[in-house]
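Raw contents of structure.pdb, PDB, C-alpha atoms, pLDDT in the B column:
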```
ATOM      1  CA  MET A  62       1.987-132.777  37.791  1.00 73.00           C
ATOM      2  CA  ASN A  63       3.162-134.873  40.717  1.00 85.00           C
ATOM      3  CA  GLN A  64       0.351-136.135  42.977  1.00 84.00           C
ATOM      4  CA  ILE A  65       2.111-134.860  46.125  1.00 82.00           C
ATOM      5  CA  ILE A  66       2.548-131.378  44.672  1.00 89.00           C
ATOM      6  CA  ARG A  67      -1.147-131.323  43.704  1.00 87.00           C
ATOM      7  CA  ALA A  68      -2.063-132.305  47.265  1.00 83.00           C
ATOM      8  CA  TYR A  69       0.069-129.486  48.709  1.00 86.00           C
ATOM      9  CA  ILE A  70      -1.468-126.989  46.295  1.00 91.00           C
ATOM     10  CA  PHE A  71      -4.991-128.162  47.212  1.00 90.00           C
ATOM     11  CA  TYR A  72      -4.216-128.002  50.951  1.00 89.00           C
ATOM     12  CA  GLY A  73      -2.662-124.564  50.594  1.00 91.00           C
ATOM     13  CA  LEU A  74      -5.569-123.158  48.594  1.00 94.00           C
ATOM     14  CA  PHE A  75      -8.117-124.611  51.019  1.00 92.00           C
ATOM     15  CA  MET A  76      -6.224-123.138  53.995  1.00 92.00           C
ATOM     16  CA  LEU A  77      -6.018-119.757  52.256  1.00 94.00           C
ATOM     17  CA  LEU A  78      -9.752-119.884  51.516  1.00 93.00           C
ATOM     18  CA  MET A  79     -10.498-120.481  55.208  1.00 91.00           C
ATOM     19  CA  ALA A  80      -8.113-117.685  56.205  1.00 92.00           C
ATOM     20  CA  GLY A  81      -9.881-115.407  53.722  1.00 93.00           C
ATOM     21  CA  ALA A  82     -13.258-116.293  55.218  1.00 91.00           C
ATOM     22  CA  SER A  83     -11.866-115.494  58.659  1.00 90.00           C
ATOM     23  CA  TRP A  84     -10.463-112.178  57.417  1.00 92.00           C
ATOM     24  CA  MET A  85     -13.878-111.319  55.951  1.00 93.00           C
ATOM     25  CA  GLN A  86     -15.351-111.921  59.427  1.00 89.00           C
ATOM     26  CA  GLU A  87     -12.897-109.247  60.623  1.00 90.00           C
ATOM     27  CA  ASP A  88     -11.135-111.660  62.980  1.00 88.00           C
ATOM     28  CA  SER A  89      -7.878-110.731  64.661  1.00 87.00           C
ATOM     29  CA  ALA A  90      -4.628-111.766  62.993  1.00 89.00           C
ATOM     30  CA  SER A  91      -3.975-114.490  65.567  1.00 88.00           C
ATOM     31  CA  LEU A  92      -7.485-115.942  65.125  1.00 88.00           C
ATOM     32  CA  ILE A  93      -7.062-115.889  61.334  1.00 90.00           C
ATOM     33  CA  PHE A  94      -3.802-117.799  61.775  1.00 90.00           C
ATOM     34  CA  LEU A  95      -5.446-120.377  64.060  1.00 87.00           C
ATOM     35  CA  LYS A  96      -8.297-120.914  61.589  1.00 88.00           C
ATOM     36  CA  PHE A  97      -5.745-121.224  58.781  1.00 90.00           C
ATOM     37  CA  LEU A  98      -3.954-123.985  60.703  1.00 88.00           C
ATOM     38  CA  GLY A  99      -7.188-125.659  61.783  1.00 87.00           C
ATOM     39  CA  SER A 100      -8.463-125.985  58.236  1.00 88.00           C
ATOM     40  CA  GLY A 101      -5.294-127.886  57.316  1.00 87.00           C
ATOM     41  CA  MET A 102      -5.836-130.145  60.312  1.00 88.00           C
ATOM     42  CA  TYR A 103      -9.328-130.889  58.989  1.00 88.00           C
ATOM     43  CA  LEU A 104      -7.915-132.204  55.726  1.00 87.00           C
ATOM     44  CA  LEU A 105      -5.321-134.282  57.572  1.00 87.00           C
ATOM     45  CA  SER A 106      -8.081-135.677  59.803  1.00 90.00           C
ATOM     46  CA  LEU A 107     -10.006-136.784  56.731  1.00 88.00           C
ATOM     47  CA  GLU A 108      -6.932-138.645  55.504  1.00 88.00           C
ATOM     48  CA  GLY A 109      -6.574-140.295  58.911  1.00 89.00           C
ATOM     49  CA  LEU A 110     -10.221-141.317  58.808  1.00 90.00           C
ATOM     50  CA  ARG A 111      -9.649-142.823  55.369  1.00 89.00           C
ATOM     51  CA  ALA A 112      -6.728-144.816  56.820  1.00 89.00           C
ATOM     52  CA  ARG A 113      -9.145-146.345  59.347  1.00 89.00           C
ATOM     53  CA  PHE A 114     -11.682-147.043  56.564  1.00 91.00           C
ATOM     54  CA  PRO A 115      -9.432-147.946  53.590  1.00 91.00           C
ATOM     55  CA  GLU A 116     -10.792-147.205  50.155  1.00 88.00           C
ATOM     56  CA  GLY A 117      -9.840-150.704  49.034  1.00 89.00           C
ATOM     57  CA  HIS A 118     -12.549-152.129  51.310  1.00 90.00           C
ATOM     58  CA  ASP A 119     -15.321-149.822  50.094  1.00 88.00           C
ATOM     59  CA  ALA A 120     -16.895-152.452  47.838  1.00 86.00           C
ATOM     60  CA  THR A 121     -17.308-154.978  50.665  1.00 90.00           C
ATOM     61  CA  ARG A 122     -18.080-152.599  53.524  1.00 90.00           C
ATOM     62  CA  SER A 123     -21.282-153.309  55.472  1.00 92.00           C
ATOM     63  CA  LEU A 124     -24.050-150.707  55.695  1.00 91.00           C
ATOM     64  CA  ALA A 125     -23.353-150.174  59.416  1.00 92.00           C
ATOM     65  CA  THR A 126     -19.668-149.521  58.736  1.00 92.00           C
ATOM     66  CA  TRP A 127     -20.552-147.160  55.887  1.00 93.00           C
ATOM     67  CA  ILE A 128     -22.868-145.213  58.176  1.00 94.00           C
ATOM     68  CA  GLU A 129     -20.156-145.064  60.843  1.00 93.00           C
ATOM     69  CA  PHE A 130     -17.712-143.674  58.259  1.00 94.00           C
ATOM     70  CA  LYS A 131     -20.243-141.091  57.030  1.00 95.00           C
ATOM     71  CA  LEU A 132     -21.100-140.013  60.608  1.00 95.00           C
ATOM     72  CA  LEU A 133     -17.422-139.580  61.501  1.00 93.00           C
ATOM     73  CA  ASN A 134     -16.961-137.603  58.291  1.00 94.00           C
ATOM     74  CA  ALA A 135     -19.888-135.383  59.332  1.00 95.00           C
ATOM     75  CA  VAL A 136     -18.364-134.852  62.797  1.00 93.00           C
ATOM     76  CA  LEU A 137     -15.128-133.654  61.196  1.00 93.00           C
ATOM     77  CA  PHE A 138     -17.074-131.304  58.921  1.00 93.00           C
ATOM     78  CA  GLY A 139     -19.065-129.964  61.888  1.00 93.00           C
ATOM     79  CA  ALA A 140     -15.804-129.364  63.744  1.00 91.00           C
ATOM     80  CA  LEU A 141     -14.410-127.454  60.758  1.00 89.00           C
ATOM     81  CA  ILE A 142     -17.495-125.250  60.543  1.00 89.00           C
ATOM     82  CA  ALA A 143     -17.460-124.603  64.304  1.00 89.00           C
ATOM     83  CA  PHE A 144     -13.751-123.811  64.157  1.00 85.00           C
ATOM     84  CA  VAL A 145     -13.920-121.497  61.145  1.00 83.00           C
ATOM     85  CA  SER A 146     -17.000-119.646  62.382  1.00 85.00           C
ATOM     86  CA  PHE A 147     -15.690-119.419  65.958  1.00 84.00           C
ATOM     87  CA  ARG A 148     -15.855-116.014  67.627  1.00 83.00           C
ATOM     88  CA  PRO A 149     -14.131-115.563  71.000  1.00 84.00           C
ATOM     89  CA  ASP A 150     -17.095-113.631  72.384  1.00 86.00           C
ATOM     90  CA  ALA A 151     -19.755-116.116  71.126  1.00 85.00           C
ATOM     91  CA  PRO A 152     -21.708-118.018  73.772  1.00 89.00           C
ATOM     92  CA  LEU A 153     -21.166-121.772  73.971  1.00 89.00           C
ATOM     93  CA  ASP A 154     -24.716-122.597  72.890  1.00 90.00           C
ATOM     94  CA  ALA A 155     -24.283-120.689  69.613  1.00 89.00           C
ATOM     95  CA  THR A 156     -21.023-122.491  68.838  1.00 89.00           C
ATOM     96  CA  LEU A 157     -22.518-125.854  69.784  1.00 92.00           C
ATOM     97  CA  ARG A 158     -25.622-125.166  67.708  1.00 93.00           C
ATOM     98  CA  GLY A 159     -23.480-124.350  64.658  1.00 92.00           C
ATOM     99  CA  PHE A 160     -21.534-127.579  65.115  1.00 93.00           C
ATOM    100  CA  VAL A 161     -24.681-129.709  65.491  1.00 95.00           C
ATOM    101  CA  VAL A 162     -26.439-128.117  62.510  1.00 96.00           C
ATOM    102  CA  ALA A 163     -23.397-128.485  60.227  1.00 95.00           C
ATOM    103  CA  MET A 164     -22.806-132.056  61.376  1.00 96.00           C
ATOM    104  CA  GLY A 165     -26.485-132.968  61.022  1.00 97.00           C
ATOM    105  CA  MET A 166     -26.768-131.490  57.543  1.00 97.00           C
ATOM    106  CA  MET A 167     -23.615-133.229  56.339  1.00 96.00           C
ATOM    107  CA  ALA A 168     -24.660-136.566  57.902  1.00 97.00           C
ATOM    108  CA  THR A 169     -28.107-136.322  56.319  1.00 97.00           C
ATOM    109  CA  ILE A 170     -26.676-135.551  52.885  1.00 96.00           C
ATOM    110  CA  GLU A 171     -23.912-138.187  53.056  1.00 95.00           C
ATOM    111  CA  ILE A 172     -26.126-140.972  54.421  1.00 94.00           C
ATOM    112  CA  GLY A 173     -28.956-140.001  52.071  1.00 94.00           C
ATOM    113  CA  PHE A 174     -26.685-140.325  49.033  1.00 93.00           C
ATOM    114  CA  LEU A 175     -25.257-143.571  50.416  1.00 91.00           C
ATOM    115  CA  LEU A 176     -28.717-145.118  50.791  1.00 91.00           C
ATOM    116  CA  TYR A 177     -29.810-143.803  47.391  1.00 91.00           C
ATOM    117  CA  ARG A 178     -26.770-145.325  45.654  1.00 86.00           C
ATOM    118  CA  ARG A 179     -27.317-148.665  47.418  1.00 84.00           C
ATOM    119  CA  ARG A 180     -30.975-148.846  46.285  1.00 83.00           C
ATOM    120  CA  LYS A 181     -30.375-147.704  42.735  1.00 67.00           C
ATOM    121  CA  PRO A 182     -30.004-150.710  40.366  1.00 67.00           C
ATOM    122  CA  GLU A 183     -26.777-150.900  38.399  1.00 64.00           C
ATOM    123  CA  ARG A 184     -27.091-149.957  34.740  1.00 66.00           C
ATOM    124  CA  PRO A 185     -25.266-152.206  32.299  1.00 62.00           C
ATOM    125  CA  SER A 186     -22.466-150.460  30.414  1.00 59.00           C
TER     126      SER A 186
END
```

How would this structure read if it were set down as structure tokens?
Amino acid sequence: MNQIIRAYIFYGLFMLLMAGASWMQEDSASLIFLKFLGSGMYLLSLEGLRARFPEGHDATRSLATWIEFKLLNAVLFGALIAFVSFRPDAPLDATLRGFVVAMGMMATIEIGFLLYRRRKPERPS
């Protein structure tokens, strides 16, 4: 299957999954539509982030640059979680708390795996 078609299928399924989660939260039709669109924007944002940190430079990237990439990735994930779990009547502190927790968890996991992989000695094949 063509790589572009696979990407569209993946994007579409991810957007439908987020719309389904919104529907299960009993959101209004317009809010479901906005969350559907926002989840697609998340995936496009990840691709834009990868353009700033090209995969071809991964092998030579410094630790500081890797951590920057992982933190920005975590911010995008936190934004997705805040967007998908958004309720119009929710207070700002609850929305902000959800964003910070999601971002913090993702940053901890991503940076933890990064540091683990950098410490782990290579096994000969």

What's the separation between CA of Arg180 in chain A and CA of Asn134 in chain A, in Å to one decimal place?
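Between CA of Arg180 in chain A and CA of Asn134 in chain A the gap works out to 21.6 Å.
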
Neighbour list for range 94-107 of chain A as number ranges by chain, cut-off 10 Å, only C-alpha atoms, skip fewer than 3 positions in-chain:
A: 71-84, 88-91, 110-113, 133-134, 137-138, 140-142, 144-147

For a quick check of understanding, using all atoms listed in the file, which of A:Phe130, A:Gly159, A:Gly173, A:Ala68 has the smallest distance to Gly109 in chain A?
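Nearest candidate to Gly109 in chain A out of A:Phe130, A:Gly159, A:Gly173, A:Ala68: A:Phe130.
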
Hey, can you check how far CA of Gly139 in chain A sits from CA of Ala125 in chain A?
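These two atoms are separated by 20.8 Å.
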
Computed interatomic separation between CA of Leu153 in chain A and CA of Thr169 in chain A (Å):
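That distance, rounded to one decimal, is 23.9 Å.
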
Quick one: residues within 12 Å of (-27.1, -141.0, 53.0) (file frame), counting all atoms listed in the file, please, as a ChimeraX atom specification.
/A:124-125,127-132,134-135,165-180

Output range 63-76 of chain A with N, CA and C atoms present, as a tab-separated table (two decimals), in the frame of the given file.
```tsv
chain	number	residue	atom	x	y	z
A	63	ASN	N	3.00	-133.89	39.66
A	63	ASN	CA	3.16	-134.87	40.72
A	63	ASN	C	1.97	-134.84	41.67
A	64	GLN	N	1.51	-136.03	42.10
A	64	GLN	CA	0.35	-136.14	42.98
A	64	GLN	C	0.59	-135.43	44.32
A	65	ILE	N	1.79	-135.51	44.84
A	65	ILE	CA	2.11	-134.86	46.12
A	65	ILE	C	2.06	-133.35	45.98
A	66	ILE	N	2.58	-132.83	44.90
A	66	ILE	CA	2.55	-131.38	44.67
A	66	ILE	C	1.11	-130.90	44.53
A	67	ARG	N	0.27	-131.67	43.81
A	67	ARG	CA	-1.15	-131.32	43.70
A	67	ARG	C	-1.82	-131.29	45.07
A	68	ALA	N	-1.47	-132.26	45.92
A	68	ALA	CA	-2.06	-132.30	47.26
A	68	ALA	C	-1.65	-131.07	48.06
A	69	TYR	N	-0.38	-130.68	47.99
A	69	TYR	CA	0.07	-129.49	48.71
A	69	TYR	C	-0.62	-128.22	48.18
A	70	ILE	N	-0.79	-128.15	46.88
A	70	ILE	CA	-1.47	-126.99	46.30
A	70	ILE	C	-2.92	-126.95	46.77
A	71	PHE	N	-3.60	-128.10	46.75
A	71	PHE	CA	-4.99	-128.16	47.21
A	71	PHE	C	-5.08	-127.77	48.69
A	72	TYR	N	-4.22	-128.34	49.52
A	72	TYR	CA	-4.22	-128.00	50.95
A	72	TYR	C	-3.98	-126.51	51.15
A	73	GLY	N	-2.99	-125.98	50.45
A	73	GLY	CA	-2.66	-124.56	50.59
A	73	GLY	C	-3.81	-123.66	50.18
A	74	LEU	N	-4.45	-123.98	49.05
A	74	LEU	CA	-5.57	-123.16	48.59
A	74	LEU	C	-6.76	-123.24	49.55
A	75	PHE	N	-7.03	-124.45	50.06
A	75	PHE	CA	-8.12	-124.61	51.02
A	75	PHE	C	-7.83	-123.81	52.29
A	76	MET	N	-6.60	-123.87	52.78
A	76	MET	CA	-6.22	-123.14	54.00
A	76	MET	C	-6.32	-121.63	53.76
```
